[in-house]
file protein00.cif (mmCIF, C-alpha atoms)
data_input
#
loop_
_atom_site.label_atom_id
_atom_site.label_comp_id
_atom_site.auth_asym_id
_atom_site.auth_seq_id
_atom_site.Cartn_x
_atom_site.Cartn_y
_atom_site.Cartn_z
CA MET I 1 30.56 -31.05 -106.40
CA ALA I 2 31.70 -27.64 -105.23
CA ARG I 3 30.26 -24.58 -106.91
CA ALA I 4 31.29 -20.97 -106.45
CA MET I 5 29.48 -19.34 -103.54
CA ASP I 6 28.54 -15.70 -103.11
CA ASP I 7 31.42 -13.50 -101.93
CA ALA I 8 29.39 -12.32 -98.93
CA VAL I 9 28.88 -15.95 -97.89
CA LEU I 10 32.60 -16.69 -98.17
CA ARG I 11 33.46 -13.60 -96.09
CA SER I 12 30.98 -14.56 -93.36
CA MET I 13 32.36 -18.12 -93.26
CA ALA I 14 35.86 -16.72 -92.71
CA LYS I 15 34.63 -14.30 -90.02
CA TRP I 16 32.56 -16.91 -88.10
CA PRO I 17 34.10 -20.34 -88.80
CA ASP I 18 32.46 -22.35 -86.00
CA VAL I 19 28.72 -21.77 -86.51
CA PRO I 20 26.77 -25.02 -85.91
CA ASP I 21 25.00 -26.77 -88.79
CA VAL I 22 21.21 -26.75 -89.13
CA TYR I 23 19.01 -29.79 -89.85
CA GLY I 24 15.27 -30.15 -90.45
CA TRP I 25 14.66 -26.59 -91.59
CA LEU I 26 15.03 -26.72 -95.39
CA SER I 27 13.84 -29.36 -97.87
CA LEU I 28 13.61 -29.95 -101.62
CA ASP I 29 10.47 -31.56 -103.04
CA ARG I 30 10.13 -33.81 -106.12
CA ARG I 31 9.31 -30.82 -108.33
CA GLY I 32 12.34 -28.71 -107.43
CA ASN I 33 10.73 -26.42 -104.86
CA PHE I 34 12.69 -25.46 -101.78
CA LEU I 35 10.55 -25.48 -98.65
CA ILE I 36 11.17 -23.89 -95.27
CA ARG I 37 9.43 -25.97 -92.63
CA ASN I 38 7.15 -27.46 -95.32
CA GLU I 39 6.18 -24.05 -96.76
CA LYS I 40 7.16 -23.40 -100.40
CA ILE I 41 9.57 -20.50 -100.81
CA GLY I 42 7.82 -17.96 -103.01
CA ASN I 43 10.38 -15.17 -102.81
CA ARG I 44 12.44 -15.32 -106.02
CA ALA I 45 15.46 -13.50 -104.54
CA LEU I 46 15.66 -15.95 -101.63
CA ARG I 47 15.30 -18.94 -103.94
CA ASP I 48 18.07 -17.60 -106.21
CA PHE I 49 20.33 -17.04 -103.16
CA ILE I 50 19.76 -20.62 -102.02
CA CYS I 51 20.49 -21.93 -105.52
CA ARG I 52 23.75 -19.99 -105.81
CA ASN I 53 24.94 -21.45 -102.50
CA TYR I 54 23.58 -25.02 -102.84
CA GLN I 55 26.07 -27.88 -103.07
CA ALA I 56 27.17 -31.23 -101.64
CA ASP I 57 29.71 -31.94 -98.94
CA ALA I 58 32.33 -34.71 -99.11
CA ARG I 59 29.78 -37.28 -97.79
CA GLY I 60 27.30 -36.50 -100.57
CA CYS I 61 24.94 -34.55 -98.27
CA TRP I 62 23.45 -31.49 -99.93
CA TYR I 63 23.25 -28.17 -98.12
CA PHE I 64 22.69 -24.45 -98.53
CA GLN I 65 25.48 -22.27 -97.17
CA ASN I 66 23.55 -19.48 -95.45
CA GLY I 67 26.29 -17.06 -94.54
CA PRO I 68 28.47 -18.85 -91.99
CA GLN I 69 25.84 -21.50 -91.33
CA ARG I 70 25.48 -24.75 -93.29
CA VAL I 71 21.79 -25.69 -93.65
CA PHE I 72 21.37 -29.31 -94.72
CA VAL I 73 18.54 -30.01 -97.15
CA ALA I 74 16.14 -32.91 -96.62
CA LEU I 75 15.63 -34.40 -100.08
CA ALA I 76 12.30 -35.82 -101.21
CA TYR I 77 14.28 -37.91 -103.70
CA THR I 78 17.32 -36.50 -105.52
CA PRO I 79 19.45 -33.39 -104.91
CA LEU I 80 18.59 -32.02 -108.34
CA VAL I 81 15.22 -31.87 -110.05
CA LEU I 82 15.35 -31.58 -113.82
CA HIS I 83 13.13 -29.61 -116.15
CA LEU I 84 12.97 -29.84 -119.91
CA ASP I 85 13.18 -26.53 -121.73
CA GLY I 86 13.03 -27.05 -125.46
CA GLU I 87 15.70 -29.61 -126.29
CA ALA I 88 17.77 -29.16 -123.12
CA LEU I 89 17.56 -30.20 -119.48
CA PHE I 90 18.10 -27.74 -116.65
CA ASP I 91 18.23 -28.36 -112.91
CA HIS I 92 15.81 -26.69 -110.48
CA CYS I 93 18.31 -23.83 -110.05
CA GLY I 94 18.29 -23.09 -113.79
CA ARG I 95 21.72 -24.55 -114.55
CA PRO I 96 22.24 -26.73 -117.65
CA PHE I 97 22.31 -30.44 -116.81
CA GLY I 98 24.41 -32.66 -119.04
CA THR I 99 23.13 -36.22 -118.88
CA GLY I 100 25.10 -39.38 -119.12
CA GLU I 101 22.55 -42.08 -118.30
CA ALA I 102 18.81 -42.22 -117.65
CA PHE I 103 16.99 -44.84 -115.58
CA LEU I 104 13.41 -45.71 -114.80
CA ASP I 105 12.92 -46.64 -111.15
CA GLU I 106 10.36 -48.98 -109.63
CA GLU I 107 7.81 -46.15 -109.30
CA GLY I 108 8.13 -45.01 -112.94
CA SER I 109 10.26 -41.95 -112.15
CA VAL I 110 13.07 -41.02 -114.54
CA LEU I 111 16.43 -40.56 -112.82
CA MET I 112 19.51 -39.19 -114.53
CA ALA I 113 23.20 -39.22 -113.78
CA GLY I 114 25.21 -36.30 -115.08
CA LYS I 115 28.39 -34.37 -114.41
CA SER I 116 26.56 -32.08 -112.01
CA GLY I 117 25.05 -34.90 -109.94
CA ALA I 118 21.92 -37.01 -109.77
CA GLY I 119 18.62 -35.65 -110.96
CA LEU I 120 14.96 -36.59 -111.04
CA LEU I 121 13.03 -35.53 -114.13
CA ASP I 122 10.01 -33.48 -113.03
CA ASP I 123 6.95 -35.65 -113.72
CA ARG I 124 5.34 -32.75 -115.62
CA ASP I 125 8.14 -33.07 -118.22
CA LEU I 126 7.83 -36.82 -118.88
CA ALA I 127 5.71 -36.43 -122.03
CA GLY I 128 8.04 -33.77 -123.43
CA TYR I 129 11.04 -35.98 -122.73
CA ALA I 130 9.38 -38.89 -124.54
CA ASP I 131 8.57 -36.63 -127.52
CA ARG I 132 12.22 -35.55 -127.77
CA ALA I 133 13.78 -38.94 -127.03
CA GLU I 134 15.90 -38.83 -130.18
CA GLY I 135 18.30 -36.18 -128.83
CA LEU I 136 18.25 -37.29 -125.17
CA PRO I 137 19.64 -40.42 -123.49
CA GLY I 138 17.54 -43.56 -123.64
CA ILE I 139 15.95 -44.77 -120.44
CA ALA I 140 17.03 -48.10 -118.97
CA ARG I 141 14.95 -49.98 -116.43
CA ALA I 142 17.21 -50.62 -113.48
CA SER I 143 17.32 -50.59 -109.72
CA VAL I 144 19.29 -47.47 -108.86
CA ALA I 145 19.21 -47.52 -105.07
CA GLY I 146 22.48 -46.17 -103.71
CA ARG I 147 23.92 -45.73 -107.19
CA PHE I 148 23.93 -41.95 -107.33
CA GLY I 149 26.13 -41.20 -104.30
CA PHE I 150 23.99 -38.74 -102.37
CA VAL I 151 22.38 -38.92 -98.95
CA GLN I 152 18.64 -38.20 -98.88
CA ASN I 153 18.34 -37.06 -95.26
CA PRO I 154 21.65 -36.46 -93.49
CA ALA I 155 21.79 -37.12 -89.78
CA PRO I 156 23.45 -34.58 -87.49
#

call {"tool": "encode", "arguments": {"input": "protein00.cif", "output": "C-alpha coordinates"}}
result
Amino acid sequence: MARAMDDAVLRSMAKWPDVPDVYGWLSLDRRGNFLIRNEKIGNRALRDFICRNYQADARGCWYFQNGPQRVFVALAYTPLVLHLDGEALFDHCGRPFGTGEAFLDEEGSVLMAGKSGAGLLDDRDLAGYADRAEGLPGIARASVAGRFGFVQNPAP
(Lines of atoms letter the chains of each structure in order from A and count residues from 1; the text may use other names and numbers.)
(Lines give C-alpha, C1' and ligand atoms only; values in the text may rest on other atoms or scores of the structure.)
Protein backbone atom coordinates (compact mmCIF):
# COMPACT_ATOMS: atom_id res chain seq x y z
CA MET A 1 0.00 0.00 0.00
CA ALA A 2 1.47 3.33 -1.03
CA ARG A 3 1.59 6.10 1.54
CA ALA A 4 2.57 9.71 0.99
CA MET A 5 6.31 10.23 1.32
CA ASP A 6 8.16 13.33 2.47
CA ASP A 7 8.51 16.01 -0.23
CA ALA A 8 12.30 16.02 0.17
CA VAL A 9 12.35 12.27 -0.50
CA LEU A 10 10.22 12.66 -3.62
CA ARG A 11 12.49 15.44 -4.92
CA SER A 12 15.63 13.37 -4.34
CA MET A 13 14.06 10.37 -6.12
CA ALA A 14 13.37 12.57 -9.15
CA LYS A 15 16.90 14.04 -9.08
CA TRP A 16 18.69 10.66 -8.71
CA PRO A 17 16.40 7.97 -10.21
CA ASP A 18 18.92 5.12 -10.54
CA VAL A 19 20.33 4.71 -7.02
CA PRO A 20 20.76 1.00 -6.18
CA ASP A 21 18.62 -0.64 -3.50
CA VAL A 22 20.04 -1.63 -0.11
CA TYR A 23 19.52 -4.98 1.65
CA GLY A 24 20.59 -6.26 5.06
CA TRP A 25 20.94 -2.88 6.72
CA LEU A 26 17.52 -2.22 8.30
CA SER A 27 15.20 -4.61 10.15
CA LEU A 28 11.96 -4.57 12.14
CA ASP A 29 11.69 -6.72 15.27
CA ARG A 30 8.59 -8.39 16.76
CA ARG A 31 7.96 -5.40 19.05
CA GLY A 32 7.98 -2.73 16.35
CA ASN A 33 11.54 -1.47 16.78
CA PHE A 34 13.55 -0.56 13.71
CA LEU A 35 17.14 -1.74 13.95
CA ILE A 36 20.18 -0.65 11.96
CA ARG A 37 22.59 -3.58 11.79
CA ASN A 38 20.90 -5.14 14.84
CA GLU A 39 21.11 -1.95 16.93
CA LYS A 40 17.79 -0.42 18.03
CA ILE A 41 17.21 3.07 16.65
CA GLY A 42 16.88 5.37 19.65
CA ASN A 43 16.71 8.68 17.82
CA ARG A 44 13.03 9.69 17.66
CA ALA A 45 13.46 11.99 14.63
CA LEU A 46 15.12 9.22 12.62
CA ARG A 47 12.45 6.70 13.61
CA ASP A 48 9.69 9.15 12.62
CA PHE A 49 11.41 9.77 9.26
CA ILE A 50 11.58 6.04 8.60
CA CYS A 51 7.91 5.62 9.54
CA ARG A 52 6.78 8.42 7.22
CA ASN A 53 8.61 6.78 4.31
CA TYR A 54 7.90 3.10 5.07
CA GLN A 55 5.75 1.13 2.62
CA ALA A 56 5.48 -1.97 0.44
CA ASP A 57 6.42 -2.41 -3.19
CA ALA A 58 4.30 -4.25 -5.76
CA ARG A 59 5.80 -7.62 -4.67
CA GLY A 60 4.80 -7.09 -1.03
CA CYS A 61 8.36 -6.32 0.11
CA TRP A 62 8.52 -3.55 2.70
CA TYR A 63 11.11 -0.80 2.48
CA PHE A 64 12.10 2.62 3.75
CA GLN A 65 12.64 5.22 1.03
CA ASN A 66 15.77 7.01 2.25
CA GLY A 67 16.01 9.90 -0.16
CA PRO A 68 16.67 8.37 -3.58
CA GLN A 69 17.64 5.01 -2.10
CA ARG A 70 15.19 2.19 -1.32
CA VAL A 71 16.26 0.34 1.85
CA PHE A 72 14.49 -3.01 2.17
CA VAL A 73 13.50 -4.03 5.69
CA ALA A 74 14.18 -7.53 7.01
CA LEU A 75 11.06 -8.47 8.95
CA ALA A 76 11.18 -10.54 12.13
CA TYR A 77 7.57 -11.52 11.38
CA THR A 78 5.09 -9.01 9.93
CA PRO A 79 5.55 -5.59 8.30
CA LEU A 80 3.44 -3.93 10.98
CA VAL A 81 3.55 -4.43 14.74
CA LEU A 82 0.39 -3.46 16.57
CA HIS A 83 0.00 -1.81 19.94
CA LEU A 84 -3.18 -1.41 21.94
CA ASP A 85 -3.85 2.10 23.20
CA GLY A 86 -7.08 2.23 25.13
CA GLU A 87 -9.72 0.71 22.87
CA ALA A 88 -7.84 1.15 19.59
CA LEU A 89 -4.98 -0.53 17.77
CA PHE A 90 -2.11 1.44 16.27
CA ASP A 91 0.81 0.23 14.18
CA HIS A 92 4.43 0.70 15.26
CA CYS A 93 4.52 4.01 13.38
CA GLY A 94 1.58 5.38 15.39
CA ARG A 95 -1.03 5.09 12.64
CA PRO A 96 -4.51 3.73 13.42
CA PHE A 97 -4.92 0.10 12.35
CA GLY A 98 -8.39 -1.00 11.35
CA THR A 99 -8.72 -4.76 11.79
CA GLY A 100 -10.74 -7.14 9.74
CA GLU A 101 -9.68 -10.55 11.07
CA ALA A 102 -7.50 -11.85 13.89
CA PHE A 103 -5.70 -15.20 13.98
CA LEU A 104 -3.69 -17.16 16.49
CA ASP A 105 -0.66 -18.82 14.91
CA GLU A 106 1.09 -22.02 15.95
CA GLU A 107 3.33 -20.12 18.39
CA GLY A 108 0.46 -18.31 20.13
CA SER A 109 1.06 -14.96 18.41
CA VAL A 110 -1.94 -12.87 17.38
CA LEU A 111 -1.87 -11.80 13.74
CA MET A 112 -4.29 -9.35 12.20
CA ALA A 113 -5.33 -8.46 8.69
CA GLY A 114 -6.47 -4.92 8.09
CA LYS A 115 -6.77 -2.33 5.36
CA SER A 116 -3.25 -1.10 6.06
CA GLY A 117 -1.64 -4.56 5.85
CA ALA A 118 -0.72 -7.46 8.10
CA GLY A 119 0.15 -6.89 11.71
CA LEU A 120 1.45 -8.78 14.71
CA LEU A 121 0.02 -7.78 18.08
CA ASP A 122 2.90 -6.88 20.41
CA ASP A 123 3.06 -9.66 23.01
CA ARG A 124 3.02 -7.05 25.79
CA ASP A 125 -0.53 -6.11 24.68
CA LEU A 126 -2.04 -9.62 24.68
CA ALA A 127 -3.63 -9.28 28.13
CA GLY A 128 -5.09 -5.87 27.28
CA TYR A 129 -6.49 -7.24 24.04
CA ALA A 130 -8.12 -10.13 25.90
CA ASP A 131 -9.62 -7.70 28.44
CA ARG A 132 -11.15 -5.60 25.64
CA ALA A 133 -12.21 -8.50 23.41
CA GLU A 134 -15.79 -7.24 23.22
CA GLY A 135 -14.95 -4.31 20.92
CA LEU A 136 -12.17 -6.02 18.94
CA PRO A 137 -12.28 -8.88 16.42
CA GLY A 138 -12.38 -12.40 17.78
CA ILE A 139 -9.32 -14.56 17.32
CA ALA A 140 -9.53 -17.66 15.14
CA ARG A 141 -7.00 -20.47 15.32
CA ALA A 142 -5.71 -20.96 11.82
CA SER A 143 -2.58 -21.57 9.84
CA VAL A 144 -1.82 -18.22 8.21
CA ALA A 145 1.41 -18.96 6.37
CA GLY A 146 1.48 -17.01 3.12
CA ARG A 147 -1.97 -15.57 3.72
CA PHE A 148 -1.00 -11.98 4.37
CA GLY A 149 0.79 -11.19 1.10
CA PHE A 150 4.10 -9.82 2.33
CA VAL A 151 7.66 -11.04 1.95
CA GLN A 152 9.61 -11.42 5.19
CA ASN A 153 13.14 -11.07 3.80
CA PRO A 154 13.32 -9.89 0.19
CA ALA A 155 16.20 -11.13 -1.91
CA PRO A 156 18.13 -8.67 -4.07

call {"tool": "atom_distance", "arguments": {"input": "protein00.cif", "atom1": "CA of Asn38 in chain I", "atom2": "CA of Val22 in chain I"}}
result
15.4 Å

call {"tool": "atom_distance", "arguments": {"input": "protein00.cif", "atom1": "CA of Lys40 in chain I", "atom2": "CA of Phe90 in chain I"}}
result
20.1 Å

call {"tool": "resolve_selection", "arguments": {"input": "protein00.cif", "expression": "the PyMOL selection byres ((chain I and resi 121) around 9)", "output": "ChimeraX atom specification"}}
result
/I:30-31,80-84,89,91,109-112,119-120,122-126,129

call {"tool": "write_last_selection", "arguments": {"input": "protein00.cif", "atoms": "C-alpha atoms", "output": "short mmCIF file (atom, residue, chain, number, x, y, z; two decimals), keeping the file's coordinate frame"}}
result
data_model
loop_
_atom_site.label_atom_id
_atom_site.label_comp_id
_atom_site.auth_asym_id
_atom_site.auth_seq_id
_atom_site.Cartn_x
_atom_site.Cartn_y
_atom_site.Cartn_z
CA ARG I 30 10.13 -33.81 -106.12
CA ARG I 31 9.31 -30.82 -108.33
CA LEU I 80 18.59 -32.02 -108.34
CA VAL I 81 15.22 -31.87 -110.05
CA LEU I 82 15.35 -31.58 -113.82
CA HIS I 83 13.13 -29.61 -116.15
CA LEU I 84 12.97 -29.84 -119.91
CA LEU I 89 17.56 -30.20 -119.48
CA ASP I 91 18.23 -28.36 -112.91
CA SER I 109 10.26 -41.95 -112.15
CA VAL I 110 13.07 -41.02 -114.54
CA LEU I 111 16.43 -40.56 -112.82
CA MET I 112 19.51 -39.19 -114.53
CA GLY I 119 18.62 -35.65 -110.96
CA LEU I 120 14.96 -36.59 -111.04
CA ASP I 122 10.01 -33.48 -113.03
CA ASP I 123 6.95 -35.65 -113.72
CA ARG I 124 5.34 -32.75 -115.62
CA ASP I 125 8.14 -33.07 -118.22
CA LEU I 126 7.83 -36.82 -118.88
CA TYR I 129 11.04 -35.98 -122.73
#

call {"tool": "closest_residue", "arguments": {"input": "protein00.cif", "among": "I:Asp7, I:Asp29, I:Asp131, I:Asp18", "to": "Leu75 in chain I", "atoms": "only C-alpha atoms"}}
result
I:Asp29

call {"tool": "resolve_selection", "arguments": {"input": "protein00.cif", "expression": "the PyMOL selection byres ((chain I and resi 27) around 7)", "output": "ChimeraX atom specification"}}
result
/I:25-26,28-29,34-36,73-75

call {"tool": "resolve_selection", "arguments": {"input": "protein00.cif", "expression": "the PyMOL selection byres ((chain I and resi 70) around 12)", "output": "PyMOL selection string"}}
result
chain I and resi 9-10+12-13+16-26+50+53-57+61-69+71-73+156

call {"tool": "atom_distance", "arguments": {"input": "protein00.cif", "atom1": "CA of Ala118 in chain I", "atom2": "CA of Arg52 in chain I"}}
result
17.6 Å

call {"tool": "residues_around", "arguments": {"input": "protein00.cif", "residues": "Lys115 in chain I", "least_positions_apart": "5", "cutoff": "10 Å", "atoms": "all atoms listed in the file", "output": "list in words"}}
result
Met1, Phe97, Gly98, Thr99 and Gly100 of chain I

call {"tool": "axis_aligned_box", "arguments": {"input": "protein00.cif", "around": "range 95-110 of chain I", "padding_each_side": "3 Å", "output": "JSON"}}
result
{"center_x": 16.5, "center_y": -36.8, "center_z": -114.2, "size_x": 23.3, "size_y": 30.4, "size_z": 15.8}

call {"tool": "closest_residue", "arguments": {"input": "protein00.cif", "among": "I:Ala4, I:Gly117, I:Glu39, I:Cys51", "to": "Gly94 in chain I", "atoms": "only C-alpha atoms"}}
result
I:Cys51
